[in-house]
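First the structure, in the form of structure tokens, and then the observations on it.
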Amino acid sequence: MSNKNQNSNNKSKAYSPVEVEDRLYQQWLDAGYFHADPGSGKKPYSIVIPPPNVTNVLHLGHGLNNTIQDVLIRKHRMQGYEALWIPGADHAGIATQVIVEKQLVKDGLTRREMGREKFVERTTAWAEQNKEFILNQLKKIGSSCDWDRRRYTFDEGLSRAVEHVFKHLYEKGWIYRGHRIVNWCPSCQTSLSDDEVEHVEQDSHLWYIKYKLKGTDEYLSVATTRPETMLGDTALAVSPKDSRFKKYVGKTVILPILEREIPIVADSYVDPEFGTGVVKVTPAHDPNDFEIGRRHDLQEINVLNTDGSLNENAGKFKGLDRYDGRKQLLEELEKKGHLEKIEKYRLSAGTCYRCHSIVEPYLSDQWFVKMEEMAQPAIEAVKSGKIKFHPDYWSKTYLHWMENIRDWCISRQLWWGHRIPVWYAEDGAMFLSGERPTADQCPGYDPDTLVQDEDVLDTWFSSWLWPFSTMGWPDKTAELKTFYPTKVLTTDPGIIFLWVARMIMAGYEFMGELPFPDIYIHGTVRDANGVKMSKSLGNGIDPLEIIEKHGADALRISMTLATPDGQDPCIGRNTFEIGRNFVNKLHQVSRFVMMRLDGSRPNPDEINDADLVIFDRWILSRLEHTIQAVEKAFAEYRLSAASKTLYNFVWNDYCSWYIELIKPDQPDMPIREGSLNVAIYVLDKILKLLHPFVPFVTENIFQDLQEKIGGDKKTITFGPWPISDGSHINDELERSLEQIQAVVTAVRSVRSEMNVHPGKRSDLYIRVNEAAFAELLEGHIEYFRSLAKVENLYAGVDIKKPPVSASAVLSGAEIFVPLAGLIDIDVEKKRLEKELGNLKVQLEKVSKKLANSDFLANAPKDVIEKEKAKKDDYQERTEKLNRNLEQIMGW
């Protein structure tokens with residue numbers, strides 16, 4: 001039996017990822033394909049995973065980020081690198097504690113009733129369970145991590161690294177304890193760094209409050225957005241350049257309600273244009289007021305408790321929530337004539353990045369890291385190009401923040417996290433140690449009497465060490481020697497400051513060099529309407545649901561195709577049908593080609609140039625151009641461009657054109673052997689180029705192909721990655737085939753629009769601008785017969801339009817398809833008229849809706865956009881049908 005395509009065997013069943021993916025992943029794990037050997041002698045390529053929080057379940061952001069990392073790791077593994085991808089998880093201080101405390105509330109407990117030790121035990125157990133869950137989810141999307149080296153920010157080795165860094169920075173004078181204004185979350189009851197505060201625009205008010213000058217009937221009016229903090233005012237301030245208020249400097253006013261006497265000071269911070277030109281100074285509740293207070297030696301009065309309620313310094317308002325206290329205070333101010341006026345005001349409110357409560361500036365004792373000096377090497381690294389952002393415009397965002405960096409508040413009033421390694425004696429003496437100090441470590445003191453600092457370190461204080469702590473630092477390990485620095489960091493823009501910048505600073509401070517030379521910033525995943533996906537909005541898509549329905553490969557390739565390089569992707573559930581269809585297409589074309597082998601065993605690594613026909617040479621040229629384009633896209637970190645290039649080559653060039661060209665006219669006829677060998681050669685390269693993006697289906701096909709041809713390769717994992725030597729590139733040939741393809745496409749379009757039955761053949765007339773074009777077309781009439789159902793082809797510069805024919809214009813030619821005998825003209829005319837009538841009704845309906853101002857004002861944005869898209873579609877279809885009707889009416 002020759003390489004026939006027997007109908008009984010060629011009914012390709014749809015690809016079933018559920019039957020393949022788990023089996024292949026376990027196969028990879030059992031074989032140890034993902035384990036990196038630092039002693040192999042190969043060129044190293046390493047990535048450390050941005051550790052997902054133990055509070056997370058896999059969302060599309062994880063799906064996108066880890067797909068990108070896996071694509072890069074798999075490609076370099078195929079290129080012969082010793083590729084290491086270290087997985088892990090973050091203990092997520094605030095987020096984890098909030099979840100566990102909510103669980104305690106359901107049990108009728110609080111953490112303080114439970115006690116610190118038992119609370120940490122319970123949180124540890126919960127975090128361990130959840131950590132395993134999310135790391136297993138990463139396996140479901142095909143992440144080829146070295147699971148033997150997985151790390152956790154709370155494991156013993158990383159905890160030791162954290163302690164080492166704290167001691168190093170403290171002894172260097174860069175860690176200090178200070179009484180300063182911090183961002184305070186009343187809900188989480190902890191301090192936050194500046195980068196953990198998210199600012200949101202809110203509608204509010206400016207309340208104008210009158211302060212009476214002592215001993216007079218005069219008042220100074222002050223505008224504020226937080227009137228309750230006036231209870232902690234210790235001065236009023238004016239600009240020293242403001243002539244309106246010079247006479248008041250040095251005098252005093254009476255604080256309304258509390259009747260406390262406070263001074264009027266002159267300070268250059270005050271903006272004469274804001275409000276009345278007079279500002280209230282509350283050093284304990286505003287960072288700028290704090291600085292004014294230090295300059296003028298003002299008292300610092302805190303009026304808030306840690307939960308956001310008013311304390312004893314608030315007088316009669318003690319115990320009230322800050323907002324209830326505000327309401328009652330304003331009522332009393334108005335009652336006593338101290339409230340001059342109220343204006344609407346739009347402000348930017350700081351909120352907690354975890355619970356989204358309004359953050360309060362709050363004066364407290366906290367631990368800080370001096371950042372300015374540490375930032376300098378990290379700034380220079382980006383300016384000099386040693387570290388590059390992709391896309392580059394993120395470097396400006398990074399530099400702006402780094403050049404205006406402030407000290408980092410690293411202490412958190414939590415129980416879950418790395419406890420600050422500081423112990424105190426009763427007299428205030430302080431000792432650094434992760435465990436209770438020994439007698440040698442605290443000479444002159446009884447170690448049993450020492451008390452450890454109650455606070456824990458900011459979560460980011462452990463994760464900023466991730467690129468090297470995961471490799472065993474501070475020990476000098478083989479992994480550090482081989483795999484540090486890593487090669488690239490991939491992340492979204494949301495943590496450039498929280499994490500990326502700090503890792504760069506840590507790399508230079510503790511390792512003496514950068515942690516990675518490239519930073520690939522991908523977009524933030526949004527829903528189909530452009531709204532950022534979030535749990536609270538309920539607009540997220542569970543990637544595991546997509547994997548269950550369509551497979552991990554469909555998830556991966558859909559996300560890379562749908563994520564424009566450097567932009568936010570807008571993704572709906574139907575987005576993943578793109579990937580599903582592509583994976584099925586690849587599966588089916590592979591089955592078709594392999595079933596044609598029928599005992600033949602071509603070498604997928606070799607081509608016999610003497611046995612090539614024109615379309616073989618064309619697909620080989622297209623393959624080389626594709627390899628070059630993909631390699632260039634990878635070098636520029638344009639993974640979406642790389643995936644689109646491959647998608648177009650596979651779907652269009654290989655499946656839609658080449659395979660159709662080599663198919664024999666009769667189903668029981670064999671494919672020409674030389675072309676079948678080329679088809680296998682190109683398929684092999686397609687599988688390897690696609691493997692980083694769709695690892696499961698490509699591995700499955702590759703193993704089947706190896707079995708068919710008697711190959712000895714067990715896996716596609718190690719490639720080799722295809723390269724282009726340019727030997728098959730033929731630009732002139734590609735241009736010629738493009739012209740033929742354009743004509744075939746135009747003929748197919750005409751036949752479809754004119755409702756010609758697919759089984760009927762037609763003649764084709766082509767009027768060309770140049771005789772050479774006609775010679776090219778006539779020389780390849782077999783393509784038109786097989787691909788466009790053409791019976792006879794007539795081409796030339798003097799070709800006349802035949803009667804009863806449809807036409808189309810393309811570059812350098814006009815085509816005519818005679819339709820006499822192919823369609824019933826009267827029936828087709830009535831069909832077109834009926835369809836135009838239906839479209840007219842629909843177009844009028846949607847146009848009326850879009851002209852309705854109430855609809856435009858009240859309908860959701862996505863609904864309006866859908867209606868606009870409908871209108872555009874109706875108009876386009878109407879224009880096309882009118883053209884077709886005009887042609888028929890002219891016959």
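Scheme for the structure tokens: letters A, B, ... for chains in order shown; per-chain residue numbers from 1; ligand numbers from 1 in order shown.
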
Which residues of segment 713-757 of chain A have any atom within 8 Å of an atom in segment 610-624 of chain A when counting only C-alpha atoms, and what is the closest pair of atoms for each, with the distance in Å to one decimal? Order the rows by chain and rising number and write it as a Markdown table.
| residue | atom | partner | partner_atom | distance |
| --- | --- | --- | --- | --- |
| A:Ile723 | CA | A:Glu624 | CA | 7.9 |
| A:Ser724 | CA | A:Glu624 | CA | 5.3 |
| A:Asp725 | CA | A:Glu624 | CA | 7.8 |
| A:Gly726 | CA | A:Glu624 | CA | 6.5 |
| A:His728 | CA | A:Ser621 | CA | 5.1 |
| A:Ile729 | CA | A:Ser621 | CA | 4.2 |
| A:Asn730 | CA | A:Ser621 | CA | 5.7 |
| A:Asp731 | CA | A:Ser621 | CA | 7.6 |
| A:Leu733 | CA | A:Trp618 | CA | 6.4 |
| A:Glu734 | CA | A:Trp618 | CA | 6.0 |
| A:Leu737 | CA | A:Trp618 | CA | 7.5 |

Save out the residues we just selected, N, CA, C and O atoms, as a PDB file, in the first residue's frame.
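The file below, selection39.pdb, is the result:
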ATOM      1  N   ILE A 723      17.567  26.582  13.585  1.00  0.00           N
ATOM      2  CA  ILE A 723      18.311  27.786  13.207  1.00  0.00           C
ATOM      3  C   ILE A 723      18.193  27.977  11.700  1.00  0.00           C
ATOM      4  O   ILE A 723      17.929  27.036  10.960  1.00  0.00           O
ATOM      5  N   SER A 724      18.393  29.198  11.257  1.00  0.00           N
ATOM      6  CA  SER A 724      18.347  29.509   9.823  1.00  0.00           C
ATOM      7  C   SER A 724      19.749  29.830   9.334  1.00  0.00           C
ATOM      8  O   SER A 724      20.415  30.705   9.877  1.00  0.00           O
ATOM      9  N   ASP A 725      20.168  29.090   8.289  1.00  0.00           N
ATOM     10  CA  ASP A 725      21.463  29.418   7.683  1.00  0.00           C
ATOM     11  C   ASP A 725      21.284  30.193   6.377  1.00  0.00           C
ATOM     12  O   ASP A 725      22.253  30.539   5.709  1.00  0.00           O
ATOM     13  N   GLY A 726      20.019  30.472   6.008  1.00  0.00           N
ATOM     14  CA  GLY A 726      19.730  31.271   4.830  1.00  0.00           C
ATOM     15  C   GLY A 726      19.824  30.529   3.512  1.00  0.00           C
ATOM     16  O   GLY A 726      19.571  31.110   2.444  1.00  0.00           O
ATOM     17  N   HIS A 728      17.999  28.327   2.072  1.00  0.00           N
ATOM     18  CA  HIS A 728      16.763  28.103   1.305  1.00  0.00           C
ATOM     19  C   HIS A 728      15.955  29.376   1.098  1.00  0.00           C
ATOM     20  O   HIS A 728      14.843  29.324   0.573  1.00  0.00           O
ATOM     21  N   ILE A 729      16.488  30.493   1.498  1.00  0.00           N
ATOM     22  CA  ILE A 729      15.740  31.745   1.325  1.00  0.00           C
ATOM     23  C   ILE A 729      15.720  32.148  -0.150  1.00  0.00           C
ATOM     24  O   ILE A 729      16.750  32.178  -0.821  1.00  0.00           O
ATOM     25  N   ASN A 730      14.535  32.436  -0.648  1.00  0.00           N
ATOM     26  CA  ASN A 730      14.352  32.839  -2.052  1.00  0.00           C
ATOM     27  C   ASN A 730      13.258  33.899  -2.082  1.00  0.00           C
ATOM     28  O   ASN A 730      12.068  33.597  -2.210  1.00  0.00           O
ATOM     29  N   ASP A 731      13.652  35.150  -1.944  1.00  0.00           N
ATOM     30  CA  ASP A 731      12.680  36.245  -1.861  1.00  0.00           C
ATOM     31  C   ASP A 731      11.875  36.404  -3.138  1.00  0.00           C
ATOM     32  O   ASP A 731      10.670  36.696  -3.107  1.00  0.00           O
ATOM     33  N   LEU A 733      11.055  34.082  -5.309  1.00  0.00           N
ATOM     34  CA  LEU A 733      10.063  33.006  -5.354  1.00  0.00           C
ATOM     35  C   LEU A 733       8.884  33.322  -4.427  1.00  0.00           C
ATOM     36  O   LEU A 733       7.723  33.097  -4.778  1.00  0.00           O
ATOM     37  N   GLU A 734       9.182  33.828  -3.244  1.00  0.00           N
ATOM     38  CA  GLU A 734       8.106  34.168  -2.300  1.00  0.00           C
ATOM     39  C   GLU A 734       7.190  35.239  -2.873  1.00  0.00           C
ATOM     40  O   GLU A 734       5.964  35.168  -2.726  1.00  0.00           O
ATOM     41  N   LEU A 737       4.906  33.571  -5.450  1.00  0.00           N
ATOM     42  CA  LEU A 737       3.846  32.795  -4.805  1.00  0.00           C
ATOM     43  C   LEU A 737       2.824  33.689  -4.121  1.00  0.00           C
ATOM     44  O   LEU A 737       1.638  33.357  -4.051  1.00  0.00           O
TER      45      LEU A 737
END

Please provide the set of residues having any atom within 9 Å of segment 234-237 of chain A, restricted to only C-alpha atoms, with same-chain residues fewer than 4 positions apart removed, written as a PDB file with C-alpha atoms, in the first residue's frame.
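Wrote part.pdb, looks like this:
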ATOM      1  CA  VAL A 222      -8.133  77.202  57.683  1.00  0.00           C
ATOM      2  CA  MET A 230      -7.545  69.382  64.207  1.00  0.00           C
ATOM      3  CA  VAL A 249       3.354  85.450  63.047  1.00  0.00           C
ATOM      4  CA  THR A 252      -1.454  82.603  69.142  1.00  0.00           C
ATOM      5  CA  VAL A 253      -4.937  81.315  68.384  1.00  0.00           C
ATOM      6  CA  LEU A 255      -7.991  75.758  69.088  1.00  0.00           C
ATOM      7  CA  ARG A 260      -5.992  74.986  73.639  1.00  0.00           C
ATOM      8  CA  GLU A 261      -3.683  77.896  72.854  1.00  0.00           C
ATOM      9  CA  ILE A 262      -1.402  77.262  69.834  1.00  0.00           C
ATOM     10  CA  PRO A 263       1.146  79.508  68.050  1.00  0.00           C
ATOM     11  CA  ILE A 264       1.189  80.930  64.533  1.00  0.00           C
ATOM     12  CA  VAL A 265       4.472  80.185  62.751  1.00  0.00           C
ATOM     13  CA  ALA A 266       5.955  81.130  59.380  1.00  0.00           C
ATOM     14  CA  ASP A 267       7.201  78.234  57.249  1.00  0.00           C
ATOM     15  CA  TYR A 269       6.353  74.823  53.071  1.00  0.00           C
ATOM     16  CA  VAL A 270       3.035  76.691  53.113  1.00  0.00           C
ATOM     17  CA  GLY A 277      -3.126  80.636  52.794  1.00  0.00           C
ATOM     18  CA  VAL A 278      -3.219  79.504  56.434  1.00  0.00           C
ATOM     19  CA  VAL A 279      -2.708  75.815  57.274  1.00  0.00           C
ATOM     20  CA  LYS A 280      -3.245  73.834  60.436  1.00  0.00           C
ATOM     21  CA  VAL A 281      -0.173  71.969  61.691  1.00  0.00           C
ATOM     22  CA  THR A 282      -0.767  68.477  63.097  1.00  0.00           C
ATOM     23  CA  PRO A 283       2.713  66.943  63.491  1.00  0.00           C
ATOM     24  CA  ILE A 292       7.207  71.688  60.155  1.00  0.00           C
ATOM     25  CA  GLY A 293       6.861  70.598  63.768  1.00  0.00           C
ATOM     26  CA  LEU A 298       6.168  71.881  68.147  1.00  0.00           C
ATOM     27  CA  GLN A 299       4.420  69.360  70.368  1.00  0.00           C
ATOM     28  CA  GLU A 300       3.340  66.100  68.667  1.00  0.00           C
ATOM     29  CA  ILE A 301      -0.149  65.068  69.770  1.00  0.00           C
TER      30      ILE A 301
END

Could you pull out the alpha helix (DSSP H) residues of segment 573-774 of chain A, going by DSSP on the backbone, and write them as a ChimeraX atom specification? /A:575-595,614-635,639-648,660-662,673-690,695-709,731-753,771-774

For Phe119 of chain A, list every protein, DNA or RNA residue within 12 Å, evaluated using only C-alpha atoms, and leave out those in the same chain fewer than 4 positions away; present the list as a count of residues only. 22

From the list A:Cys442, A:Val697, A:Val382, A:Val359, which residue is nearest Ala552 of chain A when using only C-alpha atoms? A:Val697

What are the closest atom pairs, with distances in Å to one decimal, for each residue of segment 567-596 of chain A lying within 12 Å of segment 685-693 of chain A, using only C-alpha atoms, rows by chain and rising residue number, as JSON lines?
{"residue": "A:Gly579", "atom": "CA", "partner": "A:Phe693", "partner_atom": "CA", "distance": 10.5}
{"residue": "A:Phe582", "atom": "CA", "partner": "A:Leu690", "partner_atom": "CA", "distance": 11.3}
{"residue": "A:Val583", "atom": "CA", "partner": "A:Leu690", "partner_atom": "CA", "distance": 10.4}
{"residue": "A:Leu586", "atom": "CA", "partner": "A:Leu687", "partner_atom": "CA", "distance": 9.0}
{"residue": "A:His587", "atom": "CA", "partner": "A:Leu687", "partner_atom": "CA", "distance": 10.5}
{"residue": "A:Val589", "atom": "CA", "partner": "A:Ile686", "partner_atom": "CA", "distance": 11.5}
{"residue": "A:Ser590", "atom": "CA", "partner": "A:Leu687", "partner_atom": "CA", "distance": 9.6}

Nearest-residue call for His338 of chain A, choices A:His418, A:Lys212, A:Arg883, A:Arg877, using only C-alpha atoms: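 Answer, going by the shortest atom-to-atom distance: A:Lys212.
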
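Rounded to one decimal, atom CA of Ser469 of chain A and atom CA of Ala161 of chain A lie 6.4 Å from each other.
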
Within 12 Å of segment 138-150 of chain A, which residues of segment 457-571 of chain A show up? Give each one with its shortest atom-to-atom distance in Å (one decimal) and the two atoms involved, counting only C-alpha atoms, rows by chain then rising residue number, as JSON lines.
{"residue": "A:Trp466", "atom": "CA", "partner": "A:Arg150", "partner_atom": "CA", "distance": 11.7}
{"residue": "A:Ser469", "atom": "CA", "partner": "A:Arg150", "partner_atom": "CA", "distance": 11.7}
{"residue": "A:Thr470", "atom": "CA", "partner": "A:Arg150", "partner_atom": "CA", "distance": 8.1}
{"residue": "A:Met471", "atom": "CA", "partner": "A:Arg149", "partner_atom": "CA", "distance": 8.4}
{"residue": "A:Gly472", "atom": "CA", "partner": "A:Arg149", "partner_atom": "CA", "distance": 10.2}
{"residue": "A:Glu479", "atom": "CA", "partner": "A:Arg149", "partner_atom": "CA", "distance": 10.2}
{"residue": "A:Pro543", "atom": "CA", "partner": "A:Ile141", "partner_atom": "CA", "distance": 8.6}
{"residue": "A:Leu544", "atom": "CA", "partner": "A:Lys140", "partner_atom": "CA", "distance": 7.8}
{"residue": "A:Glu545", "atom": "CA", "partner": "A:Lys140", "partner_atom": "CA", "distance": 11.1}
{"residue": "A:Ile546", "atom": "CA", "partner": "A:Ile141", "partner_atom": "CA", "distance": 10.3}
{"residue": "A:Ile547", "atom": "CA", "partner": "A:Ile141", "partner_atom": "CA", "distance": 7.6}
{"residue": "A:Glu548", "atom": "CA", "partner": "A:Lys140", "partner_atom": "CA", "distance": 9.7}
{"residue": "A:His550", "atom": "CA", "partner": "A:Ile141", "partner_atom": "CA", "distance": 11.7}
{"residue": "A:Gly551", "atom": "CA", "partner": "A:Ile141", "partner_atom": "CA", "distance": 8.5}
{"residue": "A:Ala552", "atom": "CA", "partner": "A:Ile141", "partner_atom": "CA", "distance": 5.1}
{"residue": "A:Asp553", "atom": "CA", "partner": "A:Ile141", "partner_atom": "CA", "distance": 7.7}
{"residue": "A:Ala554", "atom": "CA", "partner": "A:Ile141", "partner_atom": "CA", "distance": 9.9}
{"residue": "A:Leu555", "atom": "CA", "partner": "A:Ile141", "partner_atom": "CA", "distance": 7.9}
{"residue": "A:Arg556", "atom": "CA", "partner": "A:Ile141", "partner_atom": "CA", "distance": 7.6}
{"residue": "A:Ile557", "atom": "CA", "partner": "A:Ile141", "partner_atom": "CA", "distance": 11.1}
{"residue": "A:Met559", "atom": "CA", "partner": "A:Ile141", "partner_atom": "CA", "distance": 11.9}

Do you have the atom CA of Ala501 of chain A-atom CA of Pro50 of chain A distance handy? 13.5 Å

Using only C-alpha atoms: which of A:Arg831, A:Lys336, A:Lys845, A:Lys246 has the shortest distance to Asn882 of chain A: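 The closest residue to Asn882 of chain A is A:Arg831.
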
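Put simply, atom CA of Trp85 of chain A is 25.2 Å away from atom CA of Pro569 of chain A.
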
Among the residues A:Ser558, A:Asn53, A:Asn769, A:Ser805, the one that comes closest to Val747 of chain A [using only C-alpha atoms]: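 Closest to Val747 of chain A, using only C-alpha atoms: A:Ser805.
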
Segment 252-500 of chain A: which residues are strand (DSSP E or B) by DSSP, as a PyMOL selection string? chain A and resi 252-255+260-266+278-281+304+309-310+321+339-352+358+360-369+388-390+408-409+411-412+419+422-424+430-432+451-452+456-457+488-491

For segment 749-766 of chain A, list every protein, DNA or RNA residue within 6 Å, evaluated using only C-alpha atoms, and leave out those in the same chain fewer than 4 positions away; present the list as a PyMOL selection string. chain A and resi 789-795+814-817

Which neighbours of Cys352 of chain A fall inside 8 Å, counting only C-alpha atoms, when residues of the same chain fewer than 3 positions from it are skipped, and could you give them as a VMD selection string? chain A and resid 185 192 196 to 198 355 to 359

Please tabulate, as a tab-separated table, the residues of segment 702-764 of chain A that come within 12 Å of segment 647-652 of chain A, each with its closest pair of atoms and the distance in Å to one decimal, counting only C-alpha atoms and ordering rows by chain, then residue number upward.
residue	atom	partner	partner_atom	distance
A:Glu738	CA	A:Asn652	CA	11.9
A:Gln741	CA	A:Asn652	CA	10.7
A:Thr745	CA	A:Asn652	CA	11.9

Do you know which residues are at most 12 Å from Trp174 of chain A counting only C-alpha atoms, after dropping those on the same chain fewer than 6 positions away, and could you put them as JSON, numbers by chain? {"A": [165, 166, 167, 168, 367, 368, 369, 370, 371, 372, 373, 374, 407, 408, 409, 410, 509]}

Selected residues written out with N, CA and C atoms, as a PDB file, in the first residue's frame:
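Listed below is the output, selection-v4.pdb:
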ATOM      1  N   VAL A 165      21.032  39.799  56.516  1.00  0.00           N
ATOM      2  CA  VAL A 165      20.900  41.114  55.877  1.00  0.00           C
ATOM      3  C   VAL A 165      20.558  42.181  56.905  1.00  0.00           C
ATOM      4  N   PHE A 166      19.677  41.864  57.834  1.00  0.00           N
ATOM      5  CA  PHE A 166      19.319  42.835  58.872  1.00  0.00           C
ATOM      6  C   PHE A 166      20.562  43.235  59.666  1.00  0.00           C
ATOM      7  N   LYS A 167      21.333  42.234  60.062  1.00  0.00           N
ATOM      8  CA  LYS A 167      22.539  42.503  60.844  1.00  0.00           C
ATOM      9  C   LYS A 167      23.540  43.338  60.038  1.00  0.00           C
ATOM     10  N   HIS A 168      23.719  42.975  58.755  1.00  0.00           N
ATOM     11  CA  HIS A 168      24.650  43.695  57.885  1.00  0.00           C
ATOM     12  C   HIS A 168      24.267  45.175  57.762  1.00  0.00           C
ATOM     13  N   TRP A 367      11.001  50.645  62.482  1.00  0.00           N
ATOM     14  CA  TRP A 367      12.327  50.387  61.927  1.00  0.00           C
ATOM     15  C   TRP A 367      12.361  50.842  60.470  1.00  0.00           C
ATOM     16  N   PHE A 368      13.462  51.449  60.071  1.00  0.00           N
ATOM     17  CA  PHE A 368      13.616  51.980  58.716  1.00  0.00           C
ATOM     18  C   PHE A 368      14.962  51.550  58.121  1.00  0.00           C
ATOM     19  N   VAL A 369      15.000  51.515  56.792  1.00  0.00           N
ATOM     20  CA  VAL A 369      16.263  51.309  56.072  1.00  0.00           C
ATOM     21  C   VAL A 369      16.564  52.581  55.286  1.00  0.00           C
ATOM     22  N   LYS A 370      17.778  53.092  55.434  1.00  0.00           N
ATOM     23  CA  LYS A 370      18.215  54.220  54.619  1.00  0.00           C
ATOM     24  C   LYS A 370      18.428  53.733  53.185  1.00  0.00           C
ATOM     25  N   MET A 371      17.839  54.417  52.232  1.00  0.00           N
ATOM     26  CA  MET A 371      17.823  53.902  50.867  1.00  0.00           C
ATOM     27  C   MET A 371      18.631  54.724  49.867  1.00  0.00           C
ATOM     28  N   GLU A 372      18.887  55.982  50.162  1.00  0.00           N
ATOM     29  CA  GLU A 372      19.463  56.866  49.158  1.00  0.00           C
ATOM     30  C   GLU A 372      20.807  56.366  48.634  1.00  0.00           C
ATOM     31  N   GLU A 373      21.710  55.995  49.534  1.00  0.00           N
ATOM     32  CA  GLU A 373      23.036  55.540  49.108  1.00  0.00           C
ATOM     33  C   GLU A 373      22.946  54.187  48.412  1.00  0.00           C
ATOM     34  N   MET A 374      22.096  53.310  48.921  1.00  0.00           N
ATOM     35  CA  MET A 374      21.937  51.986  48.320  1.00  0.00           C
ATOM     36  C   MET A 374      21.366  52.074  46.908  1.00  0.00           C
ATOM     37  N   ASP A 407      13.314  56.693  52.718  1.00  0.00           N
ATOM     38  CA  ASP A 407      13.666  55.576  53.587  1.00  0.00           C
ATOM     39  C   ASP A 407      12.501  54.590  53.664  1.00  0.00           C
ATOM     40  N   TRP A 408      12.843  53.322  53.805  1.00  0.00           N
ATOM     41  CA  TRP A 408      11.883  52.219  53.729  1.00  0.00           C
ATOM     42  C   TRP A 408      11.498  51.802  55.150  1.00  0.00           C
ATOM     43  N   CYS A 409      10.234  51.928  55.483  1.00  0.00           N
ATOM     44  CA  CYS A 409       9.727  51.444  56.766  1.00  0.00           C
ATOM     45  C   CYS A 409       9.573  49.929  56.668  1.00  0.00           C
ATOM     46  N   ILE A 410      10.374  49.184  57.432  1.00  0.00           N
ATOM     47  CA  ILE A 410      10.407  47.728  57.288  1.00  0.00           C
ATOM     48  C   ILE A 410       9.715  46.979  58.421  1.00  0.00           C
ATOM     49  N   GLU A 509      24.212  45.404  46.628  1.00  0.00           N
ATOM     50  CA  GLU A 509      24.689  45.538  48.003  1.00  0.00           C
ATOM     51  C   GLU A 509      25.257  44.233  48.548  1.00  0.00           C
TER      52      GLU A 509
END

Using only C-alpha atoms, which protein or nucleic acid residues come within 9 Å of Tyr152 of chain A? Drop anything in the same chain fewer than 3 positions from it, and give the result as a PyMOL selection string. chain A and resi 51+87-91+131+155-158+470

Pick from A:Gly173, A:Gly538, A:Gly308, A:Pro44: nearest to Pro186 of chain A, with only C-alpha atoms counted?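 Checking each candidate against Pro186 of chain A, we get A:Gly308 as the closest.
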